[in-house]
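Participant: Sending over start.pdb (PDB, N, CA and C atoms and all ligand atoms).
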```
MODEL        1
ATOM      1  N   MET D   1       0.828  -1.217   0.000
ATOM      2  CA  MET D   1       0.000   0.000   0.000
ATOM      3  C   MET D   1       0.855   1.257   0.000
ATOM      4  N   ALA D   2       0.333   2.239  -0.668
ATOM      5  CA  ALA D   2       1.116   3.476  -0.783
ATOM      6  C   ALA D   2       1.289   4.150   0.571
ATOM      7  N   THR D   3       0.255   4.050   1.408
ATOM      8  CA  THR D   3       0.340   4.718   2.711
ATOM      9  C   THR D   3       1.442   4.105   3.564
ATOM     10  N   ASP D   4       1.625   2.776   3.414
ATOM     11  CA  ASP D   4       2.689   2.136   4.186
ATOM     12  C   ASP D   4       4.051   2.721   3.806
ATOM     13  N   TYR D   5       4.235   3.003   2.538
ATOM     14  CA  TYR D   5       5.502   3.592   2.094
ATOM     15  C   TYR D   5       5.637   5.048   2.559
ATOM     16  N   ASP D   6       4.488   5.735   2.425
ATOM     17  CA  ASP D   6       4.534   7.165   2.738
ATOM     18  C   ASP D   6       4.807   7.422   4.213
ATOM     19  N   ALA D   7       4.185   6.624   5.055
ATOM     20  CA  ALA D   7       4.284   6.897   6.487
ATOM     21  C   ALA D   7       5.739   6.902   6.985
ATOM     22  N   PRO D   8       6.495   5.823   6.752
ATOM     23  CA  PRO D   8       7.878   5.824   7.255
ATOM     24  C   PRO D   8       8.739   6.876   6.587
ATOM     25  N   ARG D   9       8.471   7.102   5.273
ATOM     26  CA  ARG D   9       9.272   8.108   4.576
ATOM     27  C   ARG D   9       9.056   9.482   5.194
ATOM     28  N   LYS D  10       7.786   9.760   5.492
ATOM     29  CA  LYS D  10       7.492  11.064   6.071
ATOM     30  C   LYS D  10       8.173  11.215   7.440
ATOM     31  N   ASN D  11       8.118  10.121   8.185
ATOM     32  CA  ASN D  11       8.751  10.166   9.500
ATOM     33  C   ASN D  11      10.248  10.445   9.374
ATOM     34  N   GLU D  12      10.858   9.769   8.415
ATOM     35  CA  GLU D  12      12.300   9.977   8.232
ATOM     36  C   GLU D  12      12.600  11.434   7.881
ATOM     37  N   GLU D  13      11.760  11.954   6.982
ATOM     38  CA  GLU D  13      11.975  13.349   6.586
ATOM     39  C   GLU D  13      11.804  14.292   7.774
ATOM     40  N   ASP D  14      10.761  13.974   8.554
ATOM     41  CA  ASP D  14      10.518  14.827   9.723
ATOM     42  C   ASP D  14      11.722  14.807  10.667
ATOM     43  N   ILE D  15      12.246  13.608  10.871
ATOM     44  CA  ILE D  15      13.374  13.484  11.805
ATOM     45  C   ILE D  15      14.581  14.263  11.279
ATOM     46  N   SER D  16      14.877  14.048   9.977
ATOM     47  CA  SER D  16      16.058  14.725   9.449
ATOM     48  C   SER D  16      15.852  16.236   9.424
ATOM     49  N   GLU D  17      14.614  16.635   9.145
ATOM     50  CA  GLU D  17      14.335  18.073   9.149
ATOM     51  C   GLU D  17      14.530  18.649  10.550
ATOM     52  N   ASP D  18      14.023  17.900  11.519
ATOM     53  CA  ASP D  18      14.157  18.379  12.900
ATOM     54  C   ASP D  18      15.626  18.528  13.280
ATOM     55  N   SER D  19      16.398  17.494  12.976
ATOM     56  CA  SER D  19      17.808  17.559  13.377
ATOM     57  C   SER D  19      18.523  18.661  12.603
ATOM     58  N   LEU D  20      18.125  18.843  11.349
ATOM     59  CA  LEU D  20      18.736  19.919  10.565
ATOM     60  C   LEU D  20      18.441  21.278  11.198
ATOM     61  N   GLU D  21      17.160  21.432  11.539
ATOM     62  CA  GLU D  21      16.788  22.717  12.157
ATOM     63  C   GLU D  21      17.503  22.896  13.490
ATOM     64  N   GLU D  22      17.655  21.791  14.195
ATOM     65  CA  GLU D  22      18.363  21.876  15.466
ATOM     66  C   GLU D  22      19.802  22.326  15.232
ATOM     67  N   LEU D  23      20.417  21.694  14.216
ATOM     68  CA  LEU D  23      21.800  22.058  13.889
ATOM     69  C   LEU D  23      21.883  23.526  13.494
ATOM     70  N   LYS D  24      20.924  23.939  12.652
ATOM     71  CA  LYS D  24      20.931  25.339  12.215
ATOM     72  C   LYS D  24      20.803  26.269  13.416
ATOM     73  N   ALA D  25      19.873  25.911  14.316
ATOM     74  CA  ALA D  25      19.658  26.751  15.497
ATOM     75  C   ALA D  25      20.937  26.821  16.316
ATOM     76  N   ARG D  26      21.561  25.667  16.482
ATOM     77  CA  ARG D  26      22.810  25.657  17.265
ATOM     78  C   ARG D  26      23.873  26.487  16.564
ATOM     79  N   ARG D  27      23.935  26.341  15.225
ATOM     80  CA  ARG D  27      24.946  27.070  14.471
ATOM     81  C   ARG D  27      24.730  28.573  14.601
ATOM     82  N   SER D  28      23.486  28.987  14.408
ATOM     83  CA  SER D  28      23.221  30.422  14.482
ATOM     84  C   SER D  28      23.491  30.930  15.893
ATOM     85  N   ASP D  29      23.227  30.093  16.868
ATOM     86  CA  ASP D  29      23.540  30.475  18.249
ATOM     87  C   ASP D  29      25.032  30.719  18.389
ATOM     88  N   LYS D  30      25.790  29.773  17.888
ATOM     89  CA  LYS D  30      27.244  29.882  18.014
ATOM     90  C   LYS D  30      27.762  31.062  17.207
ATOM     91  N   SER D  31      27.330  31.140  15.938
ATOM     92  CA  SER D  31      27.877  32.174  15.062
ATOM     93  C   SER D  31      27.506  33.563  15.572
ATOM     94  N   SER D  32      26.342  33.691  16.180
ATOM     95  CA  SER D  32      25.923  35.009  16.662
ATOM     96  C   SER D  32      26.869  35.492  17.761
ATOM     97  N   GLY D  33      27.415  34.555  18.518
ATOM     98  CA  GLY D  33      28.358  34.943  19.562
ATOM     99  C   GLY D  33      29.741  35.172  19.017
ATOM    100  N   VAL D  34      30.006  34.651  17.824
ATOM    101  CA  VAL D  34      31.360  34.715  17.279
ATOM    102  C   VAL D  34      31.489  35.819  16.244
ATOM    103  N   VAL D  35      30.365  36.380  15.830
ATOM    104  CA  VAL D  35      30.374  37.351  14.736
ATOM    105  C   VAL D  35      31.356  38.478  15.015
ATOM    106  N   ASP D  36      31.297  39.034  16.179
ATOM    107  CA  ASP D  36      32.163  40.160  16.512
ATOM    108  C   ASP D  36      33.630  39.775  16.399
ATOM    109  N   GLU D  37      33.935  38.597  16.895
ATOM    110  CA  GLU D  37      35.327  38.148  16.858
ATOM    111  C   GLU D  37      35.787  37.959  15.428
ATOM    112  N   ASP D  38      34.877  37.412  14.602
ATOM    113  CA  ASP D  38      35.243  37.212  13.202
ATOM    114  C   ASP D  38      35.531  38.542  12.533
ATOM    115  N   GLU D  39      34.710  39.537  12.816
ATOM    116  CA  GLU D  39      34.920  40.852  12.210
ATOM    117  C   GLU D  39      36.228  41.455  12.689
ATOM    118  N   THR D  40      36.480  41.339  13.978
ATOM    119  CA  THR D  40      37.725  41.850  14.523
ATOM    120  C   THR D  40      38.901  41.128  13.892
ATOM    121  N   GLU D  41      38.737  39.826  13.764
ATOM    122  CA  GLU D  41      39.789  39.005  13.188
ATOM    123  C   GLU D  41      40.092  39.475  11.772
ATOM    124  N   ALA D  42      39.049  39.664  10.984
ATOM    125  CA  ALA D  42      39.232  40.071   9.596
ATOM    126  C   ALA D  42      39.887  41.444   9.543
ATOM    127  N   ALA D  43      39.469  42.333  10.426
ATOM    128  CA  ALA D  43      39.997  43.689  10.414
ATOM    129  C   ALA D  43      41.476  43.688  10.771
ATOM    130  N   GLU D  44      41.857  42.793  11.663
ATOM    131  CA  GLU D  44      43.248  42.763  12.097
ATOM    132  C   GLU D  44      44.098  41.849  11.233
ATOM    133  N   GLY D  45      43.451  41.125  10.324
ATOM    134  CA  GLY D  45      44.183  40.323   9.373
ATOM    135  C   GLY D  45      44.772  39.059   9.946
ATOM    136  N   TYR D  46      44.212  38.550  11.013
ATOM    137  CA  TYR D  46      44.711  37.301  11.593
ATOM    138  C   TYR D  46      44.265  36.120  10.756
ATOM    139  N   GLU D  47      45.102  35.124  10.660
ATOM    140  CA  GLU D  47      44.733  33.915   9.940
ATOM    141  C   GLU D  47      44.458  32.772  10.903
ATOM    142  N   LEU D  48      44.624  32.994  12.179
ATOM    143  CA  LEU D  48      44.393  31.947  13.172
ATOM    144  C   LEU D  48      42.905  31.712  13.339
ATOM    145  N   PRO D  49      42.519  30.500  13.729
ATOM    146  CA  PRO D  49      41.099  30.233  13.990
ATOM    147  C   PRO D  49      40.578  31.064  15.143
ATOM    148  N   GLY D  50      39.315  31.500  15.011
ATOM    149  CA  GLY D  50      38.734  32.407  16.008
ATOM    150  C   GLY D  50      38.686  31.794  17.394
ATOM    151  N   ALA D  51      38.503  30.488  17.478
ATOM    152  CA  ALA D  51      38.358  29.859  18.793
ATOM    153  C   ALA D  51      39.618  30.087  19.624
ATOM    154  N   ASP D  52      40.773  29.898  19.015
ATOM    155  CA  ASP D  52      42.023  30.076  19.757
ATOM    156  C   ASP D  52      42.153  31.522  20.225
ATOM    157  N   LEU D  53      41.856  32.455  19.337
ATOM    158  CA  LEU D  53      41.994  33.870  19.684
ATOM    159  C   LEU D  53      41.072  34.235  20.831
ATOM    160  N   SER D  54      39.814  33.798  20.749
ATOM    161  CA  SER D  54      38.857  34.176  21.781
ATOM    162  C   SER D  54      39.293  33.594  23.121
ATOM    163  N   GLY D  55      39.871  32.381  23.096
ATOM    164  CA  GLY D  55      40.344  31.781  24.338
ATOM    165  C   GLY D  55      41.439  32.629  24.955
ATOM    166  N   GLU D  56      42.361  33.098  24.126
ATOM    167  CA  GLU D  56      43.453  33.922  24.655
ATOM    168  C   GLU D  56      42.916  35.250  25.178
ATOM    169  N   GLU D  57      41.987  35.832  24.431
ATOM    170  CA  GLU D  57      41.417  37.106  24.872
ATOM    171  C   GLU D  57      40.731  36.943  26.222
ATOM    172  N   LEU D  58      39.972  35.845  26.344
ATOM    173  CA  LEU D  58      39.267  35.600  27.594
ATOM    174  C   LEU D  58      40.264  35.435  28.735
ATOM    175  N   ALA D  59      41.299  34.651  28.500
ATOM    176  CA  ALA D  59      42.273  34.396  29.557
ATOM    177  C   ALA D  59      42.902  35.712  29.997
ATOM    178  N   VAL D  60      43.202  36.572  29.050
ATOM    179  CA  VAL D  60      43.825  37.851  29.389
ATOM    180  C   VAL D  60      42.866  38.702  30.207
ATOM    181  N   ARG D  61      41.595  38.668  29.828
ATOM    182  CA  ARG D  61      40.622  39.507  30.537
ATOM    183  C   ARG D  61      40.383  38.999  31.960
ATOM    184  N   VAL D  62      40.439  37.677  32.132
ATOM    185  CA  VAL D  62      40.102  37.109  33.437
ATOM    186  C   VAL D  62      41.201  37.400  34.456
ATOM    187  N   ILE D  63      42.441  37.416  34.002
ATOM    188  CA  ILE D  63      43.540  37.665  34.938
ATOM    189  C   ILE D  63      43.432  39.083  35.485
ATOM    190  N   PRO D  64      43.264  39.256  36.787
ATOM    191  CA  PRO D  64      43.070  40.595  37.357
ATOM    192  C   PRO D  64      44.337  41.442  37.324
ATOM    193  N   ARG D  65      45.432  40.864  37.691
ATOM    194  CA  ARG D  65      46.680  41.624  37.625
ATOM    195  C   ARG D  65      47.862  40.670  37.602
ATOM    196  N   GLN D  66      48.976  41.177  37.151
ATOM    197  CA  GLN D  66      50.176  40.360  37.034
ATOM    198  C   GLN D  66      50.911  40.308  38.367
ATOM    199  N   ALA D  67      51.869  39.403  38.444
ATOM    200  CA  ALA D  67      52.611  39.236  39.699
ATOM    201  C   ALA D  67      53.429  40.480  40.015
ATOM    202  N   ASP D  68      53.843  41.214  38.984
ATOM    203  CA  ASP D  68      54.667  42.401  39.214
ATOM    204  C   ASP D  68      53.815  43.660  39.258
ATOM    205  N   GLU D  69      52.528  43.482  39.528
ATOM    206  CA  GLU D  69      51.641  44.642  39.640
ATOM    207  C   GLU D  69      50.962  44.649  41.003
ATOM    208  N   PHE D  70      50.455  45.776  41.409
ATOM    209  CA  PHE D  70      49.742  45.862  42.678
ATOM    210  C   PHE D  70      48.529  46.772  42.501
ATOM    211  N   THR D  71      47.578  46.622  43.422
ATOM    212  CA  THR D  71      46.393  47.487  43.386
ATOM    213  C   THR D  71      46.557  48.577  44.436
ATOM    214  N   CYS D  72      46.517  49.800  44.014
ATOM    215  CA  CYS D  72      46.658  50.917  44.939
ATOM    216  C   CYS D  72      45.467  50.960  45.889
ATOM    217  N   GLY D  73      45.735  51.112  47.175
ATOM    218  CA  GLY D  73      44.667  51.132  48.157
ATOM    219  C   GLY D  73      43.936  52.458  48.213
ATOM    220  N   VAL D  74      44.409  53.449  47.492
ATOM    221  CA  VAL D  74      43.774  54.767  47.510
ATOM    222  C   VAL D  74      42.915  54.959  46.256
ATOM    223  N   CYS D  75      43.516  54.783  45.080
ATOM    224  CA  CYS D  75      42.755  54.985  43.844
ATOM    225  C   CYS D  75      42.245  53.664  43.276
ATOM    226  N   PHE D  76      42.668  52.527  43.861
ATOM    227  CA  PHE D  76      42.202  51.191  43.469
ATOM    228  C   PHE D  76      42.520  50.872  42.018
ATOM    229  N   LEU D  77      43.519  51.543  41.472
ATOM    230  CA  LEU D  77      43.981  51.209  40.129
ATOM    231  C   LEU D  77      45.146  50.240  40.232
ATOM    232  N   VAL D  78      45.311  49.439  39.182
ATOM    233  CA  VAL D  78      46.420  48.487  39.157
ATOM    234  C   VAL D  78      47.638  49.180  38.555
ATOM    235  N   HIS D  79      48.727  49.182  39.308
ATOM    236  CA  HIS D  79      49.950  49.828  38.836
ATOM    237  C   HIS D  79      51.079  48.813  38.790
ATOM    238  N   HIS D  80      52.116  49.162  38.048
ATOM    239  CA  HIS D  80      53.314  48.338  38.037
ATOM    240  C   HIS D  80      54.087  48.553  39.337
ATOM    241  N   ARG D  81      54.852  47.540  39.728
ATOM    242  CA  ARG D  81      55.580  47.602  41.001
ATOM    243  C   ARG D  81      56.474  48.843  41.075
ATOM    244  N   SER D  82      56.960  49.277  39.926
ATOM    245  CA  SER D  82      57.861  50.436  39.917
ATOM    246  C   SER D  82      57.128  51.699  40.373
ATOM    247  N   GLN D  83      55.803  51.672  40.388
ATOM    248  CA  GLN D  83      55.028  52.847  40.814
ATOM    249  C   GLN D  83      54.555  52.731  42.249
ATOM    250  N   LEU D  84      55.061  51.713  42.949
ATOM    251  CA  LEU D  84      54.684  51.543  44.355
ATOM    252  C   LEU D  84      55.487  52.516  45.219
ATOM    253  N   ALA D  85      54.794  53.444  45.869
ATOM    254  CA  ALA D  85      55.475  54.449  46.684
ATOM    255  C   ALA D  85      55.757  53.897  48.067
ATOM    256  N   TYR D  86      54.742  53.414  48.764
ATOM    257  CA  TYR D  86      54.918  52.839  50.093
ATOM    258  C   TYR D  86      53.720  51.983  50.472
ATOM    259  N   GLU D  87      53.883  51.246  51.552
ATOM    260  CA  GLU D  87      52.795  50.430  52.066
ATOM    261  C   GLU D  87      52.348  50.976  53.406
ATOM    262  N   LYS D  88      51.043  51.119  53.595
ATOM    263  CA  LYS D  88      50.534  51.672  54.834
ATOM    264  C   LYS D  88      49.360  50.812  55.290
ATOM    265  N   ASN D  89      49.484  50.249  56.504
ATOM    266  CA  ASN D  89      48.436  49.380  57.055
ATOM    267  C   ASN D  89      48.084  48.255  56.075
ATOM    268  N   GLY D  90      49.113  47.708  55.454
ATOM    269  CA  GLY D  90      48.885  46.611  54.509
ATOM    270  C   GLY D  90      48.349  47.063  53.168
ATOM    271  N   GLN D  91      48.130  48.357  53.019
ATOM    272  CA  GLN D  91      47.642  48.868  51.747
ATOM    273  C   GLN D  91      48.807  49.449  50.966
ATOM    274  N   GLN D  92      48.869  49.055  49.713
ATOM    275  CA  GLN D  92      49.929  49.573  48.864
ATOM    276  C   GLN D  92      49.456  50.847  48.182
ATOM    277  N   VAL D  93      50.290  51.856  48.177
ATOM    278  CA  VAL D  93      49.912  53.163  47.641
ATOM    279  C   VAL D  93      50.832  53.508  46.475
ATOM    280  N   CYS D  94      50.241  53.932  45.373
ATOM    281  CA  CYS D  94      51.019  54.241  44.195
ATOM    282  C   CYS D  94      51.645  55.630  44.319
ATOM    283  N   THR D  95      52.607  55.909  43.463
ATOM    284  CA  THR D  95      53.334  57.182  43.528
ATOM    285  C   THR D  95      52.397  58.361  43.248
ATOM    286  N   GLU D  96      51.334  58.129  42.482
ATOM    287  CA  GLU D  96      50.404  59.210  42.191
ATOM    288  C   GLU D  96      49.613  59.630  43.410
ATOM    289  N   CYS D  97      49.329  58.676  44.308
ATOM    290  CA  CYS D  97      48.530  58.973  45.481
ATOM    291  C   CYS D  97      49.410  59.267  46.706
ATOM    292  N   ALA D  98      50.685  59.001  46.605
ATOM    293  CA  ALA D  98      51.562  59.173  47.774
ATOM    294  C   ALA D  98      51.708  60.648  48.126
TER     295      ALA D  98
HETATM  296 ZN    ZN D 101      46.813  55.325  43.665
ENDMDL
END
```
What would you get if you wrote out this structure as structure tokens?
Facilitator:
Amino acid sequence: MATDYDAPRKNEEDISEDSLEELKARRSDKSSGVVDEDETEAAEGYELPGADLSGEELAVRVIPRQADEFTCGVCFLVHHRSQLAYEKNGQQVCTECA
């Protein structure tokens, strides 16, 4: 019977369509978050894959300060150790605030 053929075929199409749409949705989700990076990448002329770059950018942003830097207890800005004027009550003060 024709209906016997049609039924499973339709189901298969439905399944593949669903998974395709799911993939598309996932792709657009991902690409929408990466669009900015891709544009930046193109503008800067990098040939590296965006994933690696974004990972490095994230790592750099997450690190609050370097080992040779300190946070001034007065202006709360991060300065290089060479700008450390003195320490008072455990608070480090930069040369600008000293
Ligand atoms: Zn300061």
Participant: As JSON, numbers by chain, please: every protein or nucleic acid residue near ligand ZN 101 (chain D) (cut-off 8 Å, counting all atoms listed in the file).
Facilitator: {"D": [71, 72, 73, 74, 75, 76, 77, 78, 79, 92, 93, 94, 95, 96, 97, 98]}
Participant: So how far away is atom N of Glu22 (chain D) from atom N of Asp4 (chain D), in Å?
Facilitator: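 So the answer is 27.1 Å.
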Participant: Between CA of Ala25 (chain D) and atom N of Asp6 (chain D), what is the distance in Å, rounded to a tenth?
Facilitator: 29.0 Å
Participant: Calculate how many Å separate atom N of Arg81 (chain D) from atom C of Glu69 (chain D), rounding to one decimal.
Facilitator: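 Taking atom N of Arg81 (chain D) and atom C of Glu69 (chain D), their separation equals 5.0 Å.
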Participant: Please, can region 81-92 of chain D be completed to all heavy atoms and returned as a PDB file, keeping the file's coordinate frame?
Facilitator:
```pdb
ATOM      1  N   ARG D  81      54.852  47.540  39.728  1.00  0.00           N
ATOM      2  CA  ARG D  81      55.580  47.602  41.001  1.00  0.00           C
ATOM      3  C   ARG D  81      56.474  48.843  41.075  1.00  0.00           C
ATOM      4  O   ARG D  81      56.706  49.371  42.166  1.00  0.00           O
ATOM      5  CB  ARG D  81      56.451  46.345  41.171  1.00  0.00           C
ATOM      6  CG  ARG D  81      55.694  45.137  41.620  1.00  0.00           C
ATOM      7  CD  ARG D  81      56.246  44.643  42.977  1.00  0.00           C
ATOM      8  NE  ARG D  81      55.309  43.675  43.593  1.00  0.00           N
ATOM      9  CZ  ARG D  81      54.598  43.959  44.662  1.00  0.00           C
ATOM     10  NH1 ARG D  81      54.714  45.113  45.259  1.00  0.00           N
ATOM     11  NH2 ARG D  81      53.772  43.070  45.158  1.00  0.00           N
ATOM     12  N   SER D  82      56.960  49.277  39.926  1.00  0.00           N
ATOM     13  CA  SER D  82      57.861  50.436  39.917  1.00  0.00           C
ATOM     14  C   SER D  82      57.128  51.699  40.373  1.00  0.00           C
ATOM     15  O   SER D  82      57.762  52.699  40.709  1.00  0.00           O
ATOM     16  CB  SER D  82      58.430  50.646  38.504  1.00  0.00           C
ATOM     17  OG  SER D  82      57.377  50.910  37.598  1.00  0.00           O
ATOM     18  N   GLN D  83      55.803  51.672  40.388  1.00  0.00           N
ATOM     19  CA  GLN D  83      55.028  52.847  40.814  1.00  0.00           C
ATOM     20  C   GLN D  83      54.555  52.731  42.249  1.00  0.00           C
ATOM     21  O   GLN D  83      53.761  53.547  42.709  1.00  0.00           O
ATOM     22  CB  GLN D  83      53.814  53.033  39.890  1.00  0.00           C
ATOM     23  CG  GLN D  83      54.198  53.529  38.504  1.00  0.00           C
ATOM     24  CD  GLN D  83      52.958  53.747  37.662  1.00  0.00           C
ATOM     25  OE1 GLN D  83      52.426  52.810  37.072  1.00  0.00           O
ATOM     26  NE2 GLN D  83      52.477  54.971  37.605  1.00  0.00           N
ATOM     27  N   LEU D  84      55.061  51.713  42.949  1.00  0.00           N
ATOM     28  CA  LEU D  84      54.684  51.543  44.355  1.00  0.00           C
ATOM     29  C   LEU D  84      55.487  52.516  45.219  1.00  0.00           C
ATOM     30  O   LEU D  84      56.716  52.454  45.286  1.00  0.00           O
ATOM     31  CB  LEU D  84      54.973  50.097  44.785  1.00  0.00           C
ATOM     32  CG  LEU D  84      54.742  49.793  46.269  1.00  0.00           C
ATOM     33  CD1 LEU D  84      53.284  50.012  46.660  1.00  0.00           C
ATOM     34  CD2 LEU D  84      55.149  48.358  46.581  1.00  0.00           C
ATOM     35  N   ALA D  85      54.794  53.444  45.869  1.00  0.00           N
ATOM     36  CA  ALA D  85      55.475  54.449  46.684  1.00  0.00           C
ATOM     37  C   ALA D  85      55.757  53.897  48.067  1.00  0.00           C
ATOM     38  O   ALA D  85      56.896  53.907  48.522  1.00  0.00           O
ATOM     39  CB  ALA D  85      54.622  55.713  46.774  1.00  0.00           C
ATOM     40  N   TYR D  86      54.742  53.414  48.764  1.00  0.00           N
ATOM     41  CA  TYR D  86      54.918  52.839  50.093  1.00  0.00           C
ATOM     42  C   TYR D  86      53.720  51.983  50.472  1.00  0.00           C
ATOM     43  O   TYR D  86      52.686  52.008  49.792  1.00  0.00           O
ATOM     44  CB  TYR D  86      55.127  53.941  51.135  1.00  0.00           C
ATOM     45  CG  TYR D  86      53.959  54.901  51.253  1.00  0.00           C
ATOM     46  CD1 TYR D  86      52.885  54.607  52.091  1.00  0.00           C
ATOM     47  CD2 TYR D  86      53.932  56.100  50.533  1.00  0.00           C
ATOM     48  CE1 TYR D  86      51.821  55.487  52.203  1.00  0.00           C
ATOM     49  CE2 TYR D  86      52.866  56.965  50.642  1.00  0.00           C
ATOM     50  CZ  TYR D  86      51.812  56.665  51.478  1.00  0.00           C
ATOM     51  OH  TYR D  86      50.762  57.520  51.585  1.00  0.00           O
ATOM     52  N   GLU D  87      53.883  51.246  51.552  1.00  0.00           N
ATOM     53  CA  GLU D  87      52.795  50.430  52.066  1.00  0.00           C
ATOM     54  C   GLU D  87      52.348  50.976  53.406  1.00  0.00           C
ATOM     55  O   GLU D  87      53.164  51.307  54.259  1.00  0.00           O
ATOM     56  CB  GLU D  87      53.272  48.981  52.232  1.00  0.00           C
ATOM     57  CG  GLU D  87      52.749  48.061  51.149  1.00  0.00           C
ATOM     58  CD  GLU D  87      53.107  46.608  51.419  1.00  0.00           C
ATOM     59  OE1 GLU D  87      52.566  46.015  52.360  1.00  0.00           O
ATOM     60  OE2 GLU D  87      53.964  46.101  50.684  1.00  0.00           O
ATOM     61  N   LYS D  88      51.043  51.119  53.595  1.00  0.00           N
ATOM     62  CA  LYS D  88      50.534  51.672  54.834  1.00  0.00           C
ATOM     63  C   LYS D  88      49.360  50.812  55.290  1.00  0.00           C
ATOM     64  O   LYS D  88      48.382  50.652  54.562  1.00  0.00           O
ATOM     65  CB  LYS D  88      50.062  53.114  54.589  1.00  0.00           C
ATOM     66  CG  LYS D  88      49.691  53.843  55.854  1.00  0.00           C
ATOM     67  CD  LYS D  88      49.262  55.275  55.471  1.00  0.00           C
ATOM     68  CE  LYS D  88      48.515  55.906  56.618  1.00  0.00           C
ATOM     69  NZ  LYS D  88      47.919  57.176  56.215  1.00  0.00           N
ATOM     70  N   ASN D  89      49.484  50.249  56.504  1.00  0.00           N
ATOM     71  CA  ASN D  89      48.436  49.380  57.055  1.00  0.00           C
ATOM     72  C   ASN D  89      48.084  48.255  56.075  1.00  0.00           C
ATOM     73  O   ASN D  89      46.923  47.918  55.900  1.00  0.00           O
ATOM     74  CB  ASN D  89      47.173  50.193  57.374  1.00  0.00           C
ATOM     75  CG  ASN D  89      47.442  51.270  58.401  1.00  0.00           C
ATOM     76  OD1 ASN D  89      48.305  51.103  59.266  1.00  0.00           O
ATOM     77  ND2 ASN D  89      46.728  52.371  58.304  1.00  0.00           N
ATOM     78  N   GLY D  90      49.113  47.708  55.454  1.00  0.00           N
ATOM     79  CA  GLY D  90      48.885  46.611  54.509  1.00  0.00           C
ATOM     80  C   GLY D  90      48.349  47.063  53.168  1.00  0.00           C
ATOM     81  O   GLY D  90      48.131  46.253  52.285  1.00  0.00           O
ATOM     82  N   GLN D  91      48.130  48.357  53.019  1.00  0.00           N
ATOM     83  CA  GLN D  91      47.642  48.868  51.747  1.00  0.00           C
ATOM     84  C   GLN D  91      48.807  49.449  50.966  1.00  0.00           C
ATOM     85  O   GLN D  91      49.582  50.237  51.496  1.00  0.00           O
ATOM     86  CB  GLN D  91      46.590  49.959  51.974  1.00  0.00           C
ATOM     87  CG  GLN D  91      45.216  49.394  52.284  1.00  0.00           C
ATOM     88  CD  GLN D  91      44.147  50.465  52.176  1.00  0.00           C
ATOM     89  OE1 GLN D  91      44.433  51.631  52.379  1.00  0.00           O
ATOM     90  NE2 GLN D  91      42.938  50.072  51.850  1.00  0.00           N
ATOM     91  N   GLN D  92      48.869  49.055  49.713  1.00  0.00           N
ATOM     92  CA  GLN D  92      49.929  49.573  48.864  1.00  0.00           C
ATOM     93  C   GLN D  92      49.456  50.847  48.182  1.00  0.00           C
ATOM     94  O   GLN D  92      48.327  50.907  47.675  1.00  0.00           O
ATOM     95  CB  GLN D  92      50.311  48.500  47.833  1.00  0.00           C
ATOM     96  CG  GLN D  92      50.966  47.290  48.500  1.00  0.00           C
ATOM     97  CD  GLN D  92      50.995  46.069  47.608  1.00  0.00           C
ATOM     98  OE1 GLN D  92      50.012  45.756  46.981  1.00  0.00           O
ATOM     99  NE2 GLN D  92      52.140  45.429  47.550  1.00  0.00           N
TER     100      GLN D  92
END
```
